[in-house]
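Data block for protein_22.cif (mmCIF, C-alpha atoms (C1' of nucleotides)):
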data_target
loop_
_atom_site.label_atom_id
_atom_site.label_comp_id
_atom_site.auth_asym_id
_atom_site.auth_seq_id
_atom_site.Cartn_x
_atom_site.Cartn_y
_atom_site.Cartn_z
CA MET A 29 42.75 -24.32 84.76
CA ARG A 30 40.78 -26.00 81.98
CA ILE A 31 38.82 -29.04 83.19
CA ALA A 32 36.81 -31.44 81.06
CA THR A 33 34.76 -34.62 81.04
CA TRP A 34 34.15 -37.13 78.27
CA ASN A 35 32.41 -40.48 78.04
CA VAL A 36 34.62 -42.19 75.47
CA ASN A 37 32.55 -45.40 75.04
CA SER A 38 35.69 -47.59 74.92
CA LEU A 39 39.08 -45.96 75.44
CA LYS A 40 40.71 -48.49 73.11
CA VAL A 41 38.57 -47.39 70.19
CA ARG A 42 38.65 -43.67 71.02
CA LEU A 43 42.33 -43.26 71.92
CA PRO A 44 43.21 -41.55 68.59
CA HIS A 45 40.38 -39.03 69.09
CA LEU A 46 41.46 -38.44 72.68
CA LEU A 47 45.09 -37.77 71.78
CA GLU A 48 44.14 -35.45 68.93
CA TRP A 49 41.81 -33.50 71.21
CA LEU A 50 44.40 -33.24 74.04
CA ALA A 51 46.91 -31.78 71.60
CA ARG A 52 44.42 -29.30 70.19
CA ASP A 53 42.53 -28.11 73.31
CA VAL A 54 45.22 -28.79 75.96
CA PRO A 55 42.84 -29.30 78.90
CA ASP A 56 44.61 -29.39 82.27
CA VAL A 57 42.36 -32.09 83.72
CA VAL A 58 40.23 -34.64 81.84
CA CYS A 59 37.77 -37.07 83.42
CA LEU A 60 36.92 -40.11 81.29
CA GLN A 61 34.04 -42.55 81.63
CA GLU A 62 33.19 -45.89 80.03
CA THR A 63 36.83 -46.73 79.40
CA LYS A 64 35.76 -50.42 79.28
CA THR A 65 39.40 -51.25 79.97
CA GLU A 66 41.00 -53.40 82.66
CA ASP A 67 43.76 -51.61 84.58
CA LYS A 68 46.42 -53.99 83.26
CA SER A 69 45.51 -52.94 79.69
CA PHE A 70 45.27 -49.18 80.27
CA PRO A 71 47.21 -47.16 77.64
CA VAL A 72 49.45 -45.39 80.17
CA ALA A 73 52.42 -44.86 77.85
CA GLU A 74 50.42 -43.13 75.10
CA ILE A 75 48.76 -40.75 77.57
CA GLU A 76 51.99 -39.95 79.42
CA ALA A 77 53.65 -39.28 76.07
CA ALA A 78 50.96 -36.65 75.48
CA GLY A 79 52.10 -34.85 78.62
CA TYR A 80 49.61 -36.16 81.20
CA SER A 81 49.71 -38.07 84.45
CA VAL A 82 46.87 -40.56 84.66
CA VAL A 83 44.99 -42.57 87.27
CA TYR A 84 42.31 -45.12 86.45
CA SER A 85 39.85 -47.60 87.88
CA GLY A 86 38.55 -50.05 85.31
CA GLN A 87 37.05 -53.45 84.68
CA LYS A 88 36.41 -55.73 81.74
CA THR A 89 33.68 -54.80 79.22
CA TYR A 90 31.71 -52.27 81.29
CA ASN A 91 32.12 -48.95 83.12
CA GLY A 92 35.60 -47.72 84.01
CA VAL A 93 36.80 -44.19 84.88
CA ALA A 94 40.08 -42.29 84.59
CA ILE A 95 41.54 -38.86 85.37
CA LEU A 96 44.25 -37.26 83.24
CA SER A 97 46.16 -34.25 84.54
CA ARG A 98 49.01 -32.08 83.32
CA ARG A 99 49.87 -31.31 86.96
CA PRO A 100 50.55 -33.82 89.75
CA MET A 101 47.57 -35.56 91.37
CA SER A 102 47.32 -36.39 95.07
CA ASP A 103 44.84 -38.09 97.44
CA VAL A 104 43.55 -40.43 94.73
CA THR A 105 40.52 -42.46 95.82
CA ALA A 106 38.30 -44.89 93.91
CA GLY A 107 34.63 -45.61 94.59
CA ILE A 108 32.24 -44.09 97.11
CA PRO A 109 33.64 -44.67 100.63
CA GLY A 110 31.48 -47.11 102.56
CA TYR A 111 29.32 -47.99 99.55
CA ALA A 112 30.03 -51.49 98.25
CA ASP A 113 29.88 -51.51 94.45
CA GLU A 114 31.56 -53.88 92.02
CA GLN A 115 31.08 -51.37 89.21
CA LYS A 116 33.97 -48.98 88.62
CA ARG A 117 32.23 -45.62 88.44
CA VAL A 118 34.03 -43.12 90.71
CA LEU A 119 37.54 -41.74 90.91
CA ALA A 120 38.74 -38.63 92.76
CA ALA A 121 42.02 -36.74 92.92
CA THR A 122 43.30 -33.35 94.05
CA VAL A 123 45.05 -31.09 91.52
CA ASP A 124 46.45 -27.71 92.60
CA GLY A 125 44.07 -27.58 95.55
CA VAL A 126 40.99 -28.48 93.50
CA ARG A 127 39.19 -31.71 94.38
CA ILE A 128 38.32 -33.41 91.09
CA VAL A 129 35.56 -36.03 91.32
CA CYS A 130 34.97 -38.12 88.19
CA VAL A 131 31.67 -40.02 88.07
CA TYR A 132 29.92 -42.41 85.73
CA ILE A 133 26.43 -42.36 87.21
CA PRO A 134 24.37 -45.50 86.41
CA ASN A 135 22.15 -45.37 83.35
CA GLY A 136 19.08 -46.93 84.96
CA GLN A 137 17.83 -48.57 81.75
CA SER A 138 14.14 -47.85 82.42
CA VAL A 139 12.12 -46.57 85.37
CA GLU A 140 10.68 -50.08 85.88
CA SER A 141 14.13 -51.68 86.00
CA ASP A 142 16.11 -52.91 89.00
CA LYS A 143 18.91 -50.84 87.46
CA TYR A 144 16.80 -47.72 88.03
CA ARG A 145 16.52 -48.51 91.74
CA TYR A 146 20.28 -49.04 91.81
CA LYS A 147 20.73 -45.66 90.12
CA LEU A 148 18.68 -43.83 92.76
CA ASP A 149 20.37 -45.66 95.65
CA TRP A 150 23.74 -44.92 94.10
CA LEU A 151 22.89 -41.22 93.75
CA ALA A 152 21.84 -41.07 97.40
CA ALA A 153 25.18 -42.58 98.45
CA LEU A 154 27.09 -40.19 96.19
CA THR A 155 25.26 -37.19 97.66
CA THR A 156 25.90 -38.28 101.23
CA TRP A 157 29.60 -38.72 100.53
CA LEU A 158 29.93 -35.40 98.69
CA ARG A 159 28.21 -33.52 101.51
CA ALA A 160 31.26 -34.34 103.64
CA GLU A 161 33.78 -34.16 100.80
CA ILE A 162 32.86 -30.58 99.95
CA VAL A 163 33.46 -29.55 103.57
CA ALA A 164 36.91 -31.15 103.49
CA HIS A 165 37.61 -29.70 100.00
CA PRO A 166 35.69 -26.43 99.48
CA LYS A 167 37.08 -26.16 95.93
CA LEU A 168 35.34 -29.21 94.44
CA ALA A 169 34.37 -30.03 90.85
CA LEU A 170 32.03 -32.94 90.05
CA LEU A 171 32.53 -33.98 86.44
CA GLY A 172 31.08 -36.85 84.50
CA ASP A 173 28.32 -38.68 82.73
CA TYR A 174 25.36 -38.09 85.06
CA ASN A 175 22.83 -39.90 82.88
CA ILE A 176 20.36 -37.17 83.90
CA ALA A 177 18.92 -34.41 81.73
CA PRO A 178 18.25 -31.79 84.44
CA ALA A 179 15.49 -29.86 82.64
CA ASP A 180 13.31 -30.01 79.55
CA ALA A 181 15.67 -27.55 77.83
CA ASP A 182 18.22 -30.35 77.92
CA VAL A 183 16.03 -32.73 75.91
CA HIS A 184 15.36 -32.70 72.14
CA ASP A 185 11.77 -33.89 72.60
CA PRO A 186 10.60 -33.25 76.17
CA ALA A 187 7.14 -34.67 75.55
CA ALA A 188 8.47 -37.97 74.25
CA TRP A 189 10.96 -38.23 77.14
CA ALA A 190 8.58 -37.10 79.92
CA GLY A 191 8.86 -39.48 82.86
CA GLN A 192 11.33 -41.71 81.03
CA VAL A 193 14.69 -42.76 82.40
CA LEU A 194 17.25 -39.89 82.32
CA CYS A 195 14.38 -37.39 82.64
CA SER A 196 12.17 -38.73 85.44
CA ASP A 197 11.28 -36.60 88.46
CA PRO A 198 13.25 -38.73 90.98
CA GLU A 199 16.37 -38.45 88.85
CA ARG A 200 15.95 -34.70 88.45
CA ALA A 201 15.35 -34.41 92.20
CA ALA A 202 18.64 -36.26 92.78
CA PHE A 203 20.39 -33.80 90.46
CA ARG A 204 18.92 -30.92 92.47
CA GLY A 205 20.16 -32.68 95.59
CA LEU A 206 23.70 -32.34 94.26
CA ILE A 207 23.08 -28.67 93.42
CA ASP A 208 21.75 -28.19 96.95
CA LEU A 209 25.14 -29.20 98.34
CA GLY A 210 26.19 -25.74 97.20
CA MET A 211 27.18 -26.43 93.61
CA SER A 212 26.23 -24.90 90.27
CA ASP A 213 25.85 -26.34 86.78
CA SER A 214 28.76 -24.58 85.07
CA PHE A 215 27.10 -24.81 81.64
CA ARG A 216 24.15 -22.69 82.81
CA LEU A 217 26.37 -19.95 84.23
CA PHE A 218 26.65 -18.62 80.68
CA PRO A 219 24.38 -17.95 77.69
CA GLN A 220 24.13 -21.09 75.55
CA ALA A 221 22.58 -22.06 72.24
CA ASP A 222 19.22 -23.81 72.22
CA ARG A 223 19.43 -27.56 71.68
CA SER A 224 22.81 -27.86 73.38
CA PHE A 225 23.38 -31.56 73.99
CA THR A 226 26.24 -33.85 75.02
CA TRP A 227 24.85 -37.19 73.79
CA TRP A 228 23.15 -38.22 70.56
CA ASP A 229 21.80 -41.66 69.71
CA TYR A 230 23.91 -43.67 67.28
CA ARG A 231 20.67 -44.80 65.67
CA MET A 232 18.31 -42.83 63.47
CA GLN A 233 21.08 -40.43 62.43
CA GLY A 234 20.60 -38.87 65.84
CA PHE A 235 23.50 -36.43 65.63
CA ARG A 236 22.64 -35.06 62.20
CA ARG A 237 19.00 -34.68 63.26
CA LYS A 238 19.95 -33.13 66.63
CA LEU A 239 18.16 -35.87 68.58
CA GLY A 240 20.18 -35.35 71.74
CA LEU A 241 20.25 -34.96 75.50
CA ARG A 242 22.46 -32.91 77.82
CA ILE A 243 23.47 -35.56 80.36
CA ASP A 244 27.19 -34.86 80.90
CA HIS A 245 27.89 -32.09 83.38
CA ILE A 246 30.46 -30.13 85.34
CA LEU A 247 29.17 -29.01 88.73
CA LEU A 248 31.30 -26.50 90.63
CA SER A 249 31.34 -25.53 94.29
CA ALA A 250 30.89 -21.83 95.06
CA PRO A 251 34.60 -20.93 95.32
CA LEU A 252 35.12 -22.41 91.84
CA VAL A 253 32.01 -20.76 90.37
CA ALA A 254 33.60 -17.44 91.28
CA THR A 255 36.55 -18.30 89.02
CA CYS A 256 34.69 -19.91 86.12
CA THR A 257 35.03 -17.95 82.87
CA GLY A 258 33.23 -20.28 80.45
CA CYS A 259 31.73 -23.68 79.73
CA ARG A 260 31.16 -25.31 76.34
CA ILE A 261 30.47 -28.62 74.64
CA GLU A 262 33.12 -29.84 72.19
CA VAL A 263 30.63 -30.95 69.56
CA ALA A 264 33.31 -31.45 66.93
CA LEU A 265 34.38 -34.76 68.45
CA ARG A 266 30.89 -36.19 67.89
CA ALA A 267 31.16 -35.33 64.19
CA LEU A 268 34.31 -37.40 63.57
CA GLU A 269 34.38 -40.80 61.91
CA ARG A 270 33.64 -43.61 64.38
CA PRO A 271 32.82 -41.19 67.24
CA SER A 272 31.82 -41.73 70.84
CA ASP A 273 28.09 -41.08 71.22
CA HIS A 274 29.04 -38.41 73.82
CA ALA A 275 30.85 -35.09 73.29
CA PRO A 276 33.20 -33.59 75.92
CA VAL A 277 32.16 -30.77 78.25
CA ILE A 278 34.87 -28.22 79.05
CA ALA A 279 34.96 -25.54 81.76
CA ASP A 280 37.59 -22.85 82.19
CA LEU A 281 38.62 -21.72 85.67
CA ALA A 282 40.70 -18.59 86.17
"C1'" DA B 22 7.35 -49.34 60.99
"C1'" DT B 23 8.20 -48.39 68.72
"C1'" DG B 24 13.50 -50.21 65.73
"C1'" DG B 25 17.03 -48.52 63.46
"C1'" DC B 26 23.67 -48.33 66.16
"C1'" DC B 27 28.05 -49.29 68.64
"C1'" DT B 28 31.17 -52.01 71.83
"C1'" DG B 29 33.16 -56.05 73.99
"C1'" DC B 30 33.09 -60.85 74.60
"C1'" DA B 31 32.75 -64.75 72.81
"C1'" DA B 32 31.28 -67.47 69.42
"C1'" DC B 33 28.61 -67.59 65.05
"C1'" DG B 34 24.27 -63.75 69.18
"C1'" DC B 35 24.32 -61.69 73.41
"C1'" DA B 36 24.11 -57.70 77.17
"C1'" DG B 37 24.29 -52.94 77.87
"C1'" DG B 38 24.15 -48.38 76.71
"C1'" DA B 39 20.75 -43.94 76.73
#

Write the structure described by the file as structure tokens, please.
Amino acid sequence: MRIATWNVNSLKVRLPHLLEWLARDVPDVVCLQETKTEDKSFPVAEIEAAGYSVVYSGQKTYNGVAILSRRPMSDVTAGIPGYADEQKRVLAATVDGVRIVCVYIPNGQSVESDKYRYKLDWLAALTTWLRAEIVAHPKLALLGDYNIAPADADVHDPAAWAGQVLCSDPERAAFRGLIDLGMSDSFRLFPQADRSFTWWDYRMQGFRRKLGLRIDHILLSAPLVATCTGCRIEVALRALERPSDHAPVIADLA
DNA sequence: ATGGCCTGCAACGCAGGA
């Protein structure tokens, strides 16, 4: 089973890239973030024509998540149970006995911002929920845009980013809190090139200059780690004309 | 040179992203 995550930064704009990539890489499950699409406008027909079932939870202008699957999905849930949030950031579904959890973790804006406090509160609620979810579904994969660079190796300029949003100690502690539920960062299960990133700033020719961060992740519970044969970043999609600022992350499970 | 770009919405600039 090939599972993937991609922040598309507007599904409407990125739909041609998405369809081309689905045809080429044929992932079995794809989690999308920042669809920025209301449910009534979701491009269901185009995605089904590509051979995928799809579920989605969106809103106007901001946020929005979706899960595409070549196999049937069951037990679809949106949001974090018991955590009131107007922002559409979480969607979960079960595919062939694997619990797929798609997340768009808040950005936080800056460590002084109210949005940063929201991010940390949100992460605490997510962790509490997943602690129970992983008991109910031992084969669990947490895929998405985490908006956290877990270590300095995931940052193009660690000194410049030290203590800044996406790299601050409380955010990294929250990431470790997810790991401590019994999950592993699939990307780090395998040897990887230095300066492996999943996001590059649109400004300053960030992609060409490799000014990036690794903030999109696939965490796997232990039973899935045992079956994971690889994890890579599909950098080619960031090099296209009019790209998303994020590249997909793809993990293969036996 | 501490900002540069992209998106959606709306409206002739803004918020938000990271």

Considering only C-alpha atoms (C1' of nucleotides), give me a table of residues in chain A that are at most 8 Å from chain B, with the closest atom pair and distance in Å for each, as a tab-separated table.
residue	atom	partner	partner_atom	distance
A:Asn37	CA	B:DT28	C1'	7.5
A:Ser38	CA	B:DT28	C1'	7.0
A:Thr89	CA	B:DG29	C1'	5.4
A:Asn135	CA	B:DA39	C1'	6.9
A:Gln137	CA	B:DA39	C1'	7.4
A:Asn175	CA	B:DA39	C1'	7.6
A:Leu194	CA	B:DA39	C1'	7.7
A:Asp229	CA	B:DA39	C1'	7.5
A:Tyr230	CA	B:DC26	C1'	4.8
A:Arg231	CA	B:DC26	C1'	4.7
A:Met232	CA	B:DG25	C1'	5.8

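You will find atom CA of Ile95 of chain A at 9.8 Å from atom CA of Ala32 of chain A.
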
*asked:* What's around Leu151 of chain A at 12 Å? Count only C-alpha atoms (C1' of nucleotides), leave out sequence neighbours fewer than 5 positions away in its own chain, and write the answer as an NGL selection string.
replied: :A and (108 or 111 or 117-118 or 131-136 or 144-146 or 156-158 or 174-176 or 198-206)

*Taking the file as shown, what set of residues would the PyMOL selection byres ((chain A and resi 45) around 10) give back, as a ChimeraX atom specification?*
/A:36,39,41-44,46-50,265-266,268-272

_Translate the PyMOL selection byres ((chain A and resi 99) around 12) into a concrete residue list for this structure, as an NGL selection string._
:A and (29-31 or 55-58 or 76 or 79-82 or 95-98 or 100-102 or 121-126)

*Run through the PyMOL selection byres ((chain A and resi 273) around 6) on the given coordinates and return the selected residues as an NGL selection string.*
:A and (227-228 or 272 or 274)

*In Å, rounded to a single decimal, give me how far atom CA of Ala164 of chain A is from atom CA of Gly107 of chain A.*
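That distance, rounded to one decimal, is 17.1 Å.
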
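Here atom CA of Gly234 of chain A stands at a distance of 16.4 Å from atom CA of Asp222 of chain A.
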
*For Lys167 of chain A, please output as an NGL selection string all residues within 9 Å (counting all atoms listed in the file; exclusion window: fewer than 3 positions along the same chain).*
:A and (125-128 or 162 or 248-252)

_Applying 9 Å and all atoms listed in the file, which residues near Phe225 of chain A remain after dropping the ones on its own chain fewer than 6 positions away? List them as a list in words._
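In the requested form, the answer reads Asp182, Val183, His184, Lys238, Leu239, Gly240, Leu241, Arg242, Ile243, Asp244, Ile261, Val263, His274 and Ala275 of chain A.
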